[in-house]
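Peer 1: As input, take model.txt (compact mmCIF, C-alpha atoms and all ligand atoms):
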```
# COMPACT_ATOMS: atom_id res chain seq x y z
CA MET A 5 4.32 28.64 66.46
CA LEU A 6 7.81 29.57 67.55
CA ALA A 7 10.76 27.21 67.18
CA ILE A 8 14.22 27.96 68.55
CA ALA A 9 16.75 26.27 66.28
CA LYS A 10 20.28 25.76 67.57
CA PHE A 11 22.96 24.58 65.15
CA GLY A 12 26.11 22.95 66.45
CA GLY A 13 29.68 23.33 65.20
CA SER A 14 29.57 20.41 62.76
CA SER A 15 26.46 21.89 61.12
CA LEU A 16 28.45 25.09 60.55
CA SER A 17 31.85 23.73 59.62
CA CYS A 18 31.90 24.71 55.92
CA ALA A 19 29.94 26.58 53.26
CA ALA A 20 28.09 23.46 52.06
CA ASN A 21 26.73 22.95 55.57
CA TRP A 22 25.77 26.62 55.93
CA LYS A 23 23.62 26.10 52.81
CA ARG A 24 21.91 23.13 54.49
CA VAL A 25 21.29 25.27 57.56
CA ARG A 26 19.69 28.00 55.48
CA GLU A 27 17.44 25.47 53.79
CA ILE A 28 16.33 24.12 57.15
CA VAL A 29 15.65 27.57 58.60
CA THR A 30 13.72 28.82 55.60
CA GLY A 31 11.81 25.50 55.42
CA ASP A 32 9.62 26.45 58.39
CA ILE A 33 8.46 29.96 59.26
CA ALA A 34 8.31 28.95 62.93
CA ARG A 35 12.14 28.98 62.99
CA ARG A 36 12.56 32.63 63.90
CA VAL A 37 15.17 32.47 66.64
CA ILE A 38 18.46 30.87 65.65
CA VAL A 39 21.35 30.06 68.01
CA VAL A 40 24.73 29.17 66.52
CA SER A 41 27.94 27.55 67.71
CA ALA A 42 31.33 28.39 66.23
CA ALA A 43 32.42 26.53 63.09
CA GLY A 44 33.49 22.99 64.01
CA LYS A 45 35.72 20.40 62.32
CA ARG A 46 35.34 19.78 58.57
CA HIS A 47 37.05 16.38 58.82
CA ALA A 48 38.64 14.24 61.52
CA ASP A 49 42.06 15.98 61.39
CA ASP A 50 40.63 19.50 61.30
CA HIS A 51 40.42 21.98 64.20
CA LYS A 52 37.36 23.51 65.81
CA ILE A 53 37.43 27.31 65.71
CA THR A 54 36.97 27.37 69.49
CA ASP A 55 40.07 25.19 69.97
CA LEU A 56 42.08 27.55 67.74
CA LEU A 57 40.85 30.53 69.74
CA TYR A 58 41.94 28.96 73.04
CA LEU A 59 45.31 28.24 71.44
CA CYS A 60 45.51 31.84 70.29
CA HIS A 61 44.86 32.92 73.88
CA ALA A 62 47.70 30.71 75.13
CA HIS A 63 50.03 32.36 72.56
CA LEU A 64 49.05 35.83 73.73
CA ARG A 65 49.53 34.90 77.36
CA TYR A 66 53.09 33.76 76.78
CA GLY A 67 53.92 36.63 74.45
CA VAL A 68 54.11 34.40 71.35
CA PRO A 69 52.80 36.01 68.13
CA CYS A 70 49.45 34.58 67.08
CA TRP A 71 49.03 36.21 63.67
CA GLU A 72 49.34 32.91 61.74
CA LEU A 73 46.78 31.25 63.96
CA TRP A 74 44.46 34.22 63.65
CA ARG A 75 44.74 34.07 59.85
CA LYS A 76 43.63 30.43 60.00
CA ILE A 77 40.57 31.37 62.04
CA ALA A 78 39.75 34.37 59.83
CA SER A 79 40.16 32.37 56.62
CA ARG A 80 37.53 29.82 57.72
CA TYR A 81 34.90 32.53 58.08
CA LEU A 82 36.04 34.39 54.97
CA ALA A 83 35.71 31.19 52.91
CA ILE A 84 32.20 30.55 54.23
CA ARG A 85 31.25 34.16 53.48
CA ASP A 86 32.63 33.98 49.93
CA GLU A 87 31.38 30.49 49.04
CA CYS A 88 27.88 31.29 50.32
CA ALA A 89 28.03 34.72 48.62
CA ILE A 90 26.99 36.47 51.83
CA ASP A 91 26.98 40.21 51.44
CA TYR A 92 28.65 41.07 54.73
CA PRO A 93 32.01 42.76 55.44
CA ILE A 94 33.21 40.26 58.07
CA GLU A 95 36.75 41.70 57.65
CA ASP A 96 35.65 44.66 59.81
CA ASP A 97 34.72 42.39 62.72
CA LEU A 98 37.86 40.28 62.26
CA ASP A 99 40.11 43.35 62.24
CA ALA A 100 38.40 44.88 65.26
CA ILE A 101 38.88 41.68 67.26
CA TYR A 102 42.51 41.24 66.20
CA GLU A 103 43.35 44.86 67.05
CA SER A 104 41.79 44.49 70.52
CA LEU A 105 44.01 41.52 71.43
CA SER A 106 46.69 41.82 74.09
CA ALA A 107 48.26 39.71 76.83
CA ARG A 108 45.37 40.83 79.05
CA THR A 109 42.62 39.56 76.74
CA SER A 110 40.58 37.00 78.66
CA ALA A 111 40.28 33.42 77.44
CA ASP A 112 36.49 33.70 77.71
CA PHE A 113 36.37 36.77 75.47
CA LEU A 114 38.60 35.28 72.82
CA ALA A 115 36.86 31.87 72.87
CA SER A 116 33.47 33.55 72.50
CA ARG A 117 34.48 35.22 69.22
CA GLY A 118 33.88 32.01 67.27
CA GLU A 119 30.17 32.14 68.06
CA TYR A 120 30.06 35.93 67.69
CA LEU A 121 31.46 35.82 64.15
CA ALA A 122 29.28 32.86 63.14
CA ALA A 123 26.15 34.66 64.37
CA LYS A 124 27.04 37.89 62.55
CA LEU A 125 27.53 36.01 59.30
CA MET A 126 24.48 33.80 59.75
CA ALA A 127 22.26 36.83 60.46
CA ALA A 128 23.40 38.40 57.18
CA TYR A 129 22.94 35.10 55.32
CA LEU A 130 19.37 34.61 56.54
CA GLY A 131 18.39 38.28 56.50
CA PHE A 132 17.69 38.07 60.26
CA SER A 133 18.77 40.60 62.93
CA PHE A 134 21.92 39.91 64.95
CA VAL A 135 21.31 40.03 68.71
CA ASP A 136 24.52 39.74 70.73
CA ALA A 137 24.37 37.23 73.60
CA LYS A 138 26.07 39.94 75.68
CA SER A 139 22.91 42.00 75.48
CA TRP A 140 20.66 39.39 77.08
CA LEU A 141 22.40 36.39 78.68
CA GLN A 142 23.51 37.58 82.10
CA PHE A 143 25.63 35.77 84.68
CA ASP A 144 26.37 36.62 88.30
CA TYR A 145 30.01 36.65 89.42
CA THR A 146 29.89 32.95 90.34
CA GLY A 147 28.91 32.06 86.78
CA ASN A 148 25.24 31.27 87.49
CA VAL A 149 22.77 32.47 84.88
CA LEU A 150 20.50 35.27 86.11
CA GLN A 151 17.46 33.65 84.60
CA ASP A 152 14.74 36.26 85.16
CA ALA A 153 16.86 39.18 83.96
CA SER A 154 18.13 37.22 80.95
CA TYR A 155 14.66 36.06 79.95
CA ALA A 156 13.23 39.58 80.22
CA ALA A 157 16.09 41.02 78.14
CA LEU A 158 15.67 38.46 75.37
CA GLN A 159 11.90 38.88 75.33
CA SER A 160 12.23 42.60 74.67
CA LEU A 161 15.04 42.15 72.12
CA ALA A 162 13.39 39.33 70.17
CA ASP A 163 9.85 40.73 70.34
CA GLY A 164 8.47 38.94 67.28
CA ARG A 165 11.60 39.60 65.19
CA LYS A 166 13.66 37.04 63.34
CA ILE A 167 17.00 36.93 65.10
CA VAL A 168 20.32 35.09 65.24
CA THR A 169 22.14 35.04 68.57
CA PRO A 170 25.51 33.47 69.40
CA GLY A 171 25.61 30.50 71.75
CA PHE A 172 28.19 29.71 74.48
CA TYR A 173 28.60 33.10 76.19
CA GLY A 174 26.97 35.96 78.01
CA VAL A 175 27.96 38.86 80.21
CA LEU A 176 29.09 39.32 83.82
CA PRO A 177 27.72 42.20 85.94
CA ASP A 178 30.82 44.28 85.14
CA GLY A 179 30.36 43.89 81.37
CA ARG A 180 33.02 41.24 80.77
CA VAL A 181 32.25 38.25 78.56
CA HIS A 182 31.76 34.93 80.36
CA THR A 183 31.47 31.53 78.68
CA PHE A 184 29.69 28.34 79.61
CA PRO A 185 31.72 25.12 79.74
CA ARG A 186 32.57 23.55 76.37
CA GLY A 187 29.52 22.58 74.35
CA GLY A 188 27.57 25.31 76.12
CA SER A 189 25.71 26.64 73.07
CA ASP A 190 23.15 23.92 73.83
CA ILE A 191 22.45 25.72 77.12
CA THR A 192 22.03 29.06 75.33
CA GLY A 193 19.47 27.50 72.99
CA SER A 194 17.56 26.01 75.90
CA LEU A 195 17.53 29.33 77.78
CA ALA A 196 16.33 31.17 74.66
CA ALA A 197 13.51 28.64 74.24
CA ALA A 198 12.49 29.03 77.88
CA ALA A 199 12.73 32.84 77.74
CA LEU A 200 10.46 33.06 74.70
CA HIS A 201 8.05 30.26 75.73
CA ALA A 202 8.86 28.55 72.44
CA ASP A 203 6.70 25.72 71.16
CA VAL A 204 9.79 23.62 70.52
CA TYR A 205 13.57 23.74 71.00
CA GLU A 206 15.21 22.14 67.97
CA ASN A 207 18.80 21.11 68.54
CA TRP A 208 20.37 20.43 65.14
CA THR A 209 23.47 18.28 65.29
CA ASP A 210 25.42 15.79 63.17
CA VAL A 211 23.72 12.57 64.33
CA PRO A 212 20.11 11.59 63.67
CA GLY A 213 19.14 11.83 67.33
CA ILE A 214 20.32 9.93 70.38
CA LEU A 215 21.33 6.38 69.69
CA ALA A 216 20.71 3.41 71.98
CA ALA A 217 24.47 2.80 72.31
CA ASP A 218 27.79 4.27 71.25
CA PRO A 219 28.06 3.54 67.49
CA LYS A 220 31.85 3.25 67.85
CA ILE A 221 31.28 0.12 69.93
CA VAL A 222 27.93 -1.30 68.81
CA LYS A 223 27.26 -1.65 65.08
CA ARG A 224 24.33 0.46 63.86
CA PRO A 225 22.58 0.93 67.21
CA ALA A 226 18.87 1.72 67.16
CA PRO A 227 17.93 5.40 67.35
CA ILE A 228 15.91 6.42 70.41
CA GLU A 229 12.76 8.11 69.19
CA THR A 230 11.28 9.44 72.42
CA LEU A 231 12.57 10.17 75.88
CA SER A 232 11.29 11.92 78.98
CA TYR A 233 13.31 14.81 80.44
CA PRO A 234 14.59 12.75 83.44
CA GLU A 235 15.66 9.98 81.07
CA LEU A 236 17.59 12.44 78.93
CA GLN A 237 19.16 14.00 82.03
CA LEU A 238 20.30 10.59 83.23
CA LEU A 239 21.74 9.66 79.82
CA SER A 240 23.56 13.01 79.52
CA ALA A 241 24.94 12.74 83.04
CA ALA A 242 26.16 9.22 82.26
CA GLY A 243 28.13 10.28 79.22
CA THR A 244 25.86 10.57 76.18
CA GLN A 245 27.57 13.35 74.28
CA VAL A 246 24.75 14.60 72.05
CA LEU A 247 23.47 17.38 74.31
CA HIS A 248 25.10 19.34 77.14
CA GLU A 249 23.84 18.04 80.49
CA SER A 250 22.82 21.52 81.71
CA ALA A 251 20.73 22.18 78.61
CA VAL A 252 17.84 20.05 79.85
CA ALA A 253 16.76 22.04 82.93
CA PRO A 254 15.62 25.35 81.32
CA VAL A 255 13.29 23.65 78.81
CA ARG A 256 12.20 21.07 81.35
CA GLU A 257 11.14 23.80 83.81
CA ARG A 258 8.80 25.27 81.22
CA GLN A 259 7.81 21.92 79.70
CA ILE A 260 9.08 22.94 76.25
CA PRO A 261 9.56 19.93 73.98
CA LEU A 262 13.08 19.34 72.78
CA HIS A 263 13.78 17.79 69.41
CA ILE A 264 17.28 16.55 68.58
CA ARG A 265 17.69 16.40 64.81
CA SER A 266 20.39 15.97 62.21
CA THR A 267 21.32 18.76 59.79
CA PHE A 268 22.55 15.98 57.51
CA ALA A 269 19.31 13.95 57.62
CA PRO A 270 16.62 16.57 58.22
CA ASP A 271 13.83 14.14 57.35
CA ALA A 272 14.90 11.56 59.94
CA PRO A 273 12.61 11.44 63.01
CA GLY A 274 15.37 12.42 65.45
CA THR A 275 14.83 12.10 69.20
CA ARG A 276 11.83 13.84 70.75
CA ILE A 277 11.98 14.69 74.42
CA GLY A 278 9.06 15.84 76.54
CA PHE A 279 6.53 15.57 73.72
CA ASP A 280 3.09 14.25 74.60
CA ALA A 281 3.53 11.22 72.38
CA PRO A 282 3.68 7.98 74.37
CA ALA A 283 7.17 6.66 74.81
CA SER A 284 8.02 3.83 72.45
CA LEU A 285 9.29 0.82 74.32
CA SER A 286 11.62 -1.71 72.88
CA ALA A 287 10.33 -5.24 73.43
CA SER A 288 12.52 -5.62 76.49
CA GLY A 289 11.82 -2.20 78.02
CA VAL A 290 15.47 -1.16 77.73
CA ILE A 291 15.74 2.23 76.02
CA GLY A 292 19.46 2.60 75.64
CA PHE A 293 22.93 2.57 77.14
CA ALA A 294 25.51 5.20 78.02
CA GLY A 295 28.93 4.90 79.54
CA ARG A 296 31.05 6.89 81.90
CA ARG A 297 34.73 6.06 82.02
CA PRO A 298 37.10 5.81 83.63
CA VAL A 299 35.60 5.92 87.10
CA SER A 300 36.72 4.87 90.55
CA MET A 301 34.74 3.38 93.39
CA LEU A 302 35.33 4.38 96.97
CA ARG A 303 33.84 2.33 99.78
CA VAL A 304 33.96 3.19 103.45
CA ILE A 305 32.90 0.25 105.62
CA PHE A 306 32.27 0.94 109.29
CA PRO A 307 32.52 -1.70 112.04
CA GLU A 308 29.16 -0.56 113.41
CA ASN A 309 26.28 1.57 112.13
CA THR A 310 27.14 4.25 109.60
CA GLU A 311 26.70 7.74 111.03
CA GLU A 312 24.58 9.95 108.78
CA THR A 313 27.20 12.69 108.83
CA ALA A 314 29.88 10.34 107.44
CA LEU A 315 28.75 10.88 103.84
CA TRP A 316 29.09 14.64 104.21
CA GLU A 317 32.56 14.25 105.71
CA VAL A 318 33.64 12.01 102.82
CA ARG A 319 32.21 14.45 100.28
CA ALA A 320 33.97 17.40 101.91
CA CYS A 321 37.27 15.50 101.71
CA LEU A 322 36.72 14.68 98.02
CA ASN A 323 35.79 18.29 97.27
CA GLU A 324 38.98 19.42 98.91
CA HIS A 325 40.87 17.20 96.47
CA ARG A 326 38.70 18.40 93.56
CA ILE A 327 37.32 14.94 92.90
CA GLU A 328 33.89 14.86 91.30
CA THR A 329 31.33 12.43 92.77
CA PHE A 330 28.54 11.44 90.46
CA HIS A 331 26.83 8.87 92.60
CA SER A 332 26.83 8.15 96.30
CA ALA A 333 24.84 5.78 98.46
CA CYS A 334 24.67 5.10 102.16
CA GLY A 335 23.66 1.53 103.02
CA VAL A 336 23.85 -0.90 105.91
CA GLU A 337 27.35 -1.94 104.93
CA GLY A 338 28.66 1.63 104.71
CA LEU A 339 29.19 4.21 102.02
CA CYS A 340 29.76 3.68 98.34
CA LEU A 341 30.72 6.53 96.03
CA LEU A 342 31.37 6.52 92.30
CA LEU A 343 33.95 9.09 91.29
CA SER A 344 34.87 10.52 87.93
CA SER A 345 38.52 9.84 87.49
CA GLY A 346 40.84 10.86 84.77
CA ALA A 347 44.39 11.86 85.42
CA GLU A 348 44.02 12.63 89.12
CA ALA A 349 45.11 9.26 90.57
CA ASP A 350 47.34 11.08 93.07
CA ALA A 351 44.42 13.08 94.38
CA LEU A 352 42.35 9.90 94.77
CA HIS A 353 45.06 8.17 96.76
CA ALA A 354 45.63 11.23 98.94
CA ALA A 355 41.89 11.50 99.64
CA ALA A 356 41.65 7.78 100.50
CA GLU A 357 44.62 8.12 102.89
CA GLN A 358 43.07 11.17 104.55
CA LEU A 359 39.80 9.24 105.04
CA ARG A 360 41.67 6.27 106.58
CA GLU A 361 43.16 8.62 109.14
CA HIS A 362 39.87 10.40 109.74
CA PHE A 363 37.74 7.24 110.20
CA SER A 364 40.18 5.10 112.16
CA GLY A 365 38.65 1.64 112.56
CA ALA A 366 36.75 1.83 109.25
CA GLN A 367 37.92 0.13 106.07
CA VAL A 368 38.48 2.53 103.17
CA LYS A 369 38.69 0.72 99.84
CA LEU A 370 39.51 2.41 96.57
CA ARG A 371 39.02 0.60 93.29
CA GLU A 372 40.30 2.31 90.14
CA ASN A 373 40.08 1.75 86.39
CA LEU A 374 36.39 0.98 86.38
CA ALA A 375 33.66 2.05 83.99
CA VAL A 376 29.99 2.61 84.57
CA LEU A 377 27.60 1.16 82.03
CA LEU A 378 24.25 2.87 82.43
CA ALA A 379 21.20 1.02 81.17
CA LEU A 380 18.13 3.19 80.81
CA CYS A 381 15.17 0.90 81.45
CA ARG A 382 11.48 1.60 81.83
CA SER A 383 11.06 -1.40 84.11
CA THR A 384 13.40 -3.14 86.52
CA LYS A 385 12.52 -6.61 85.29
CA ASP A 386 15.33 -6.59 82.71
CA ILE A 387 18.13 -5.73 85.10
CA PRO A 388 18.95 -9.33 86.16
CA LYS A 389 19.01 -10.36 82.49
CA LEU A 390 21.43 -7.54 81.59
CA SER A 391 23.60 -8.32 84.58
CA ALA A 392 23.76 -12.00 83.59
CA ALA A 393 24.64 -11.10 79.97
CA ILE A 394 27.45 -8.80 81.10
CA GLU A 395 28.88 -11.45 83.44
CA ALA A 396 28.56 -14.11 80.72
CA SER A 397 30.68 -11.92 78.42
CA GLY A 398 33.49 -12.35 80.94
CA ALA A 399 33.18 -8.89 82.53
CA PRO A 400 32.46 -9.19 86.26
CA VAL A 401 29.91 -6.67 87.62
CA HIS A 402 31.68 -5.21 90.66
CA HIS A 403 28.73 -3.13 91.76
CA LEU A 404 25.16 -2.55 90.65
CA VAL A 405 23.21 0.60 91.44
CA GLN A 406 19.52 0.82 90.64
CA THR A 407 18.70 4.47 89.91
CA PRO A 408 15.24 4.62 88.33
CA PRO A 409 14.81 5.06 85.40
CA GLY A 410 17.90 2.93 85.01
CA ALA A 411 20.68 0.85 86.47
CA MET A 412 24.44 1.39 86.61
CA PHE A 413 26.75 -1.59 86.22
CA CYS A 414 30.34 -1.07 87.37
CA VAL A 415 32.75 -3.13 85.31
CA ASN A 416 36.49 -3.03 84.61
CA ASP A 417 37.21 -0.21 82.19
CA SER A 418 39.22 -2.60 80.02
CA GLN A 419 36.11 -4.80 79.65
CA TYR A 420 33.62 -1.98 79.06
CA GLU A 421 33.22 -2.60 75.34
CA GLN A 422 32.47 -6.31 75.66
CA ALA A 423 30.06 -5.55 78.51
CA LEU A 424 28.20 -2.99 76.40
CA ARG A 425 27.96 -5.29 73.38
CA ALA A 426 26.65 -8.14 75.52
CA ALA A 427 24.09 -5.96 77.29
CA TYR A 428 22.96 -4.42 73.99
CA GLN A 429 22.58 -7.86 72.45
CA ALA A 430 20.54 -9.06 75.44
CA ALA A 431 18.26 -6.02 75.25
CA PHE A 432 17.82 -5.53 71.53
CA GLY A 433 18.82 -8.89 69.99
N1 LIG A 501 32.10 26.41 70.45
C1 LIG A 501 32.04 25.95 71.81
C2 LIG A 501 32.77 24.64 71.94
O1 LIG A 501 33.40 24.19 70.99
C3 LIG A 501 30.65 25.88 72.33
C4 LIG A 501 29.70 25.00 71.57
O2 LIG A 501 30.01 24.56 70.47
O3 LIG A 501 28.64 24.71 72.09
O4 LIG A 501 32.76 24.05 72.98
```
Show me, as structure tokens, the structure contained in the file I just sent.
Peer 2:
Amino acid sequence: MLAIAKFGGSSLSCAANWKRVREIVTGDIARRVIVVSAAGKRHADDHKITDLLYLCHAHLRYGVPCWELWRKIASRYLAIRDECAIDYPIEDDLDAIYESLSARTSADFLASRGEYLAAKLMAAYLGFSFVDAKSWLQFDYTGNVLQDASYAALQSLADGRKIVTPGFYGVLPDGRVHTFPRGGSDITGSLAAAALHADVYENWTDVPGILAADPKIVKRPAPIETLSYPELQLLSAAGTQVLHESAVAPVRERQIPLHIRSTFAPDAPGTRIGFDAPASLSASGVIGFAGRRPVSMLRVIFPENTEETALWEVRACLNEHRIETFHSACGVEGLCLLLSSGAEADALHAAAEQLREHFSGAQVKLRENLAVLLALCRSTKDIPKLSAAIEASGAPVHHLVQTPPGAMFCVNDSQYEQALRAAYQAAFG
């Protein structure tokens, strides 16, 4: 048996948590390949090491001294080393990094040092070998992972050994460090599991698995015990924060089961994805909810039939304005696109104006300040009931998209919370 165990930032935030991690790793001899994030927040007002490193980079770039900030970062790892009594001279690594810093240091390199230092310390703590992510995880210049080369490199480096490798980064063809997007250590863990044909990818986090709704909005939501890979991908894409969206594909390709577990409740069942066990259905067939907000809806209504190429033209225009589309549909009444929108209201308006000029005669309607409530359902029979419950809560459903295995309800962002509570109540009672 081989288990890849990835520990997130909250599992590594302080010495007490490092002790929990060691207990978990030594509790099962299958856990021979460990992937670590950088130390995360110890409490709500604390800083993640990665955030401090990005801040340090900004200081360097503008010629502002960053010694104080660096001391803060160093002291976190020194405290963990001392409180866990790890026999490892981390000062040498800290000094080497600090001495290498200059205005030309890349943000990716500096940000990656949080994981690098955590992995060095963790390897010493567990008595495992440190394998730098730079020596196996390879990217091309566009930032795509070179899967075959990376897998082959890790296979020969791991080769039956017990190892700790840093998450979040790898190497470009010219030897420079390159990072994934934020939260990317999940992807590293998934790639390591795929590379080594692991029996399971354990993703250890600070929640006991994926919950059926956001616990900040719904009181004590039910945990989801089993999911299929497509269901997890849909939930992650819709805003469930537990696992990075791109971490599903590598394990899915090789059908490696993924187990999301809590470092703080290691005996809890967690969420199992892609295991053979039959999926447990709630009485109503609704598995859970996720939300994406704020979003905007763009509709292009043509006086006659919609040309097939119209969708591509609209997408090209949105790309030009750097607006992300996460759902699009072409129907008899025209095109409907759901767009991620944050601060870029100007870009949205400019794109809508450009489309009005481009498709003269068509109606281009932009609706902002919406939210998408995704309901993951194993059958469509519950959708009308959910829709009715949302409407009855006073939140009109502006648009409904059925995307098996689920449905997306577009509501006003300001009414998202009441819509979620009503839908959850209708599904789970
Ligand atoms: N440390 C990185 C971040 O904070 C990567 C990770 O934790 O997965 O985003």
Peer 1: If you measure from atom CA of A:Glu95 to atom CA of A:Arg75, what distance in Å do you get, rounded to one decimal?
Peer 2: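 About the pair atom CA of A:Glu95 and atom CA of A:Arg75: they are 11.3 Å apart.
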Peer 1: Rounded to one decimal place, report the atom CA of A:Cys70-atom CA of A:Leu98 distance in Å.
Peer 2: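 The value is 13.8 Å.
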Peer 1: Atom CA of A:Leu302 and atom CA of A:Ala431, how far apart in Å?
Peer 2: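 Taking atom CA of A:Ala431 and atom CA of A:Leu302, their separation equals 29.5 Å.
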Peer 1: Using only C-alpha atoms, which protein or nucleic acid residues come within 10 Å of A:Phe363? Drop anything in the same chain fewer than 4 positions from it, and give the result as a short mmCIF file (atom, residue, chain, number, x, y, z; two decimals) with C-alpha atoms, in the coordinates of the input.
Peer 2:
```
data_model
loop_
_atom_site.label_atom_id
_atom_site.label_comp_id
_atom_site.auth_asym_id
_atom_site.auth_seq_id
_atom_site.Cartn_x
_atom_site.Cartn_y
_atom_site.Cartn_z
CA VAL A 304 33.96 3.19 103.45
CA ILE A 305 32.90 0.25 105.62
CA PHE A 306 32.27 0.94 109.29
CA ALA A 314 29.88 10.34 107.44
CA GLU A 317 32.56 14.25 105.71
CA VAL A 318 33.64 12.01 102.82
CA GLN A 358 43.07 11.17 104.55
CA LEU A 359 39.80 9.24 105.04
CA GLN A 367 37.92 0.13 106.07
CA VAL A 368 38.48 2.53 103.17
#
```
Peer 1: Please determine, counting only C-alpha atoms, which residue among A:Arg165, A:Lys52, A:Arg296, A:Arg117 has the shortest atom-to-atom distance to A:Met412.
Peer 2: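 For A:Met412, the nearest of the given residues is A:Arg296.
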Peer 1: Write as a list in words the residues around ligand LIG 501 (chain A), taking 6 Å as the cut-off and counting all atoms listed in the file.
Peer 2: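 Using all atoms listed in the file, I find these residues within 6 Å of ligand LIG 501 (chain A): Gly12, Gly13, Ser41, Ala42, Thr54, Phe172, Arg186, Gly187, Gly188, Ser189 and Asp190 of chain A.
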Peer 1: Give me, as CSV, the closest atom pair and its distance (Å, one decimal) for every residue of stretch 119-238 of chain A within a cut-off of 12 Å of stretch 388-408 of chain A, counting all atoms listed in the file, rows sorted by chain and rising number.
Peer 2:
```
residue,atom,partner,partner_atom,distance
A:Pro234,CA,A:Pro408,CA,9.5
A:Glu235,CA,A:Pro408,CA,9.0
A:Gln237,CA,A:Pro408,CA,12.0
A:Leu238,CA,A:Thr407,CA,9.2
```
Peer 1: Give the answer as one residue: which of A:Gly213, A:Pro225, A:Gly193, A:Pro307 has the shortest atom-to-atom distance to A:Ile277, using all atoms listed in the file?
Peer 2: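 Among the listed residues, A:Gly213 lies closest to A:Ile277.
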Peer 1: Find the spatial neighbours of A:Glu72, counting only C-alpha atoms, within a cut-off of 12 Å - ignore same-chain residues fewer than 4 positions away - and output them as a VMD selection string.
Peer 2: chain A and resid 56 to 57 59 to 60 63 68 76 to 79 102
Peer 1: Can you report as lines of an AutoDock Vina configuration file the centre and edge lengths in Å, to one decimal, of an axis-aligned box around the listed atoms of stretch 254-263 of chain A padded with 3 Å on each side?
Peer 2:
```
center_x = 11.7
center_y = 21.6
center_z = 76.6
size_x = 13.8
size_y = 13.6
size_z = 20.4
```
Peer 1: Here is a test: counting only C-alpha atoms, which residue of A:Arg24, A:Pro69, A:Ala333, A:Ile94 is nearest to A:Arg303?
Peer 2: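 Using only C-alpha atoms, A:Arg303 sits closest to A:Ala333.
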Peer 1: Contacts of A:Ser116 at 12 Å or less, counting only C-alpha atoms, minus same-chain residues fewer than 6 places along, as a PyMOL selection string?
Peer 2: chain A and resi 40-43+53-58+61+101+109-110+122-123+136-138+170-175+180-189
Peer 1: Add whatever atoms are absent from stretch 405-417 of chain A to reach N, CA and C atoms, and provide the output as a PDB file, keeping the file's coordinate frame.
Peer 2:
```
ATOM      1  N   VAL A 405      24.021  -0.433  90.772  1.00  0.00           N
ATOM      2  CA  VAL A 405      23.210   0.600  91.440  1.00  0.00           C
ATOM      3  C   VAL A 405      21.927   0.746  90.646  1.00  0.00           C
ATOM      4  N   GLN A 406      20.799   0.598  91.335  1.00  0.00           N
ATOM      5  CA  GLN A 406      19.520   0.820  90.640  1.00  0.00           C
ATOM      6  C   GLN A 406      19.127   2.270  90.869  1.00  0.00           C
ATOM      7  N   THR A 407      19.079   3.051  89.790  1.00  0.00           N
ATOM      8  CA  THR A 407      18.700   4.470  89.910  1.00  0.00           C
ATOM      9  C   THR A 407      17.574   4.718  88.915  1.00  0.00           C
ATOM     10  N   PRO A 408      16.311   4.432  89.287  1.00  0.00           N
ATOM     11  CA  PRO A 408      15.240   4.620  88.330  1.00  0.00           C
ATOM     12  C   PRO A 408      15.358   5.980  87.640  1.00  0.00           C
ATOM     13  N   PRO A 409      15.229   6.099  86.332  1.00  0.00           N
ATOM     14  CA  PRO A 409      14.810   5.060  85.400  1.00  0.00           C
ATOM     15  C   PRO A 409      15.950   4.252  84.791  1.00  0.00           C
ATOM     16  N   GLY A 410      16.824   3.726  85.602  1.00  0.00           N
ATOM     17  CA  GLY A 410      17.900   2.930  85.010  1.00  0.00           C
ATOM     18  C   GLY A 410      18.687   2.171  86.051  1.00  0.00           C
ATOM     19  N   ALA A 411      19.783   1.578  85.589  1.00  0.00           N
ATOM     20  CA  ALA A 411      20.680   0.850  86.470  1.00  0.00           C
ATOM     21  C   ALA A 411      22.109   1.086  86.006  1.00  0.00           C
ATOM     22  N   MET A 412      23.035   1.184  86.957  1.00  0.00           N
ATOM     23  CA  MET A 412      24.440   1.390  86.610  1.00  0.00           C
ATOM     24  C   MET A 412      25.219   0.127  86.977  1.00  0.00           C
ATOM     25  N   PHE A 413      25.918  -0.405  86.003  1.00  0.00           N
ATOM     26  CA  PHE A 413      26.750  -1.590  86.220  1.00  0.00           C
ATOM     27  C   PHE A 413      28.207  -1.141  86.235  1.00  0.00           C
ATOM     28  N   CYS A 414      28.911  -1.431  87.326  1.00  0.00           N
ATOM     29  CA  CYS A 414      30.340  -1.070  87.370  1.00  0.00           C
ATOM     30  C   CYS A 414      31.147  -2.269  86.893  1.00  0.00           C
ATOM     31  N   VAL A 415      31.905  -2.051  85.844  1.00  0.00           N
ATOM     32  CA  VAL A 415      32.750  -3.130  85.310  1.00  0.00           C
ATOM     33  C   VAL A 415      34.183  -2.607  85.172  1.00  0.00           C
ATOM     34  N   ASN A 416      35.118  -3.490  84.868  1.00  0.00           N
ATOM     35  CA  ASN A 416      36.490  -3.030  84.610  1.00  0.00           C
ATOM     36  C   ASN A 416      36.474  -2.184  83.346  1.00  0.00           C
ATOM     37  N   ASP A 417      37.202  -1.076  83.375  1.00  0.00           N
ATOM     38  CA  ASP A 417      37.210  -0.210  82.190  1.00  0.00           C
ATOM     39  C   ASP A 417      37.688  -0.971  80.957  1.00  0.00           C
TER      40      ASP A 417
END
```
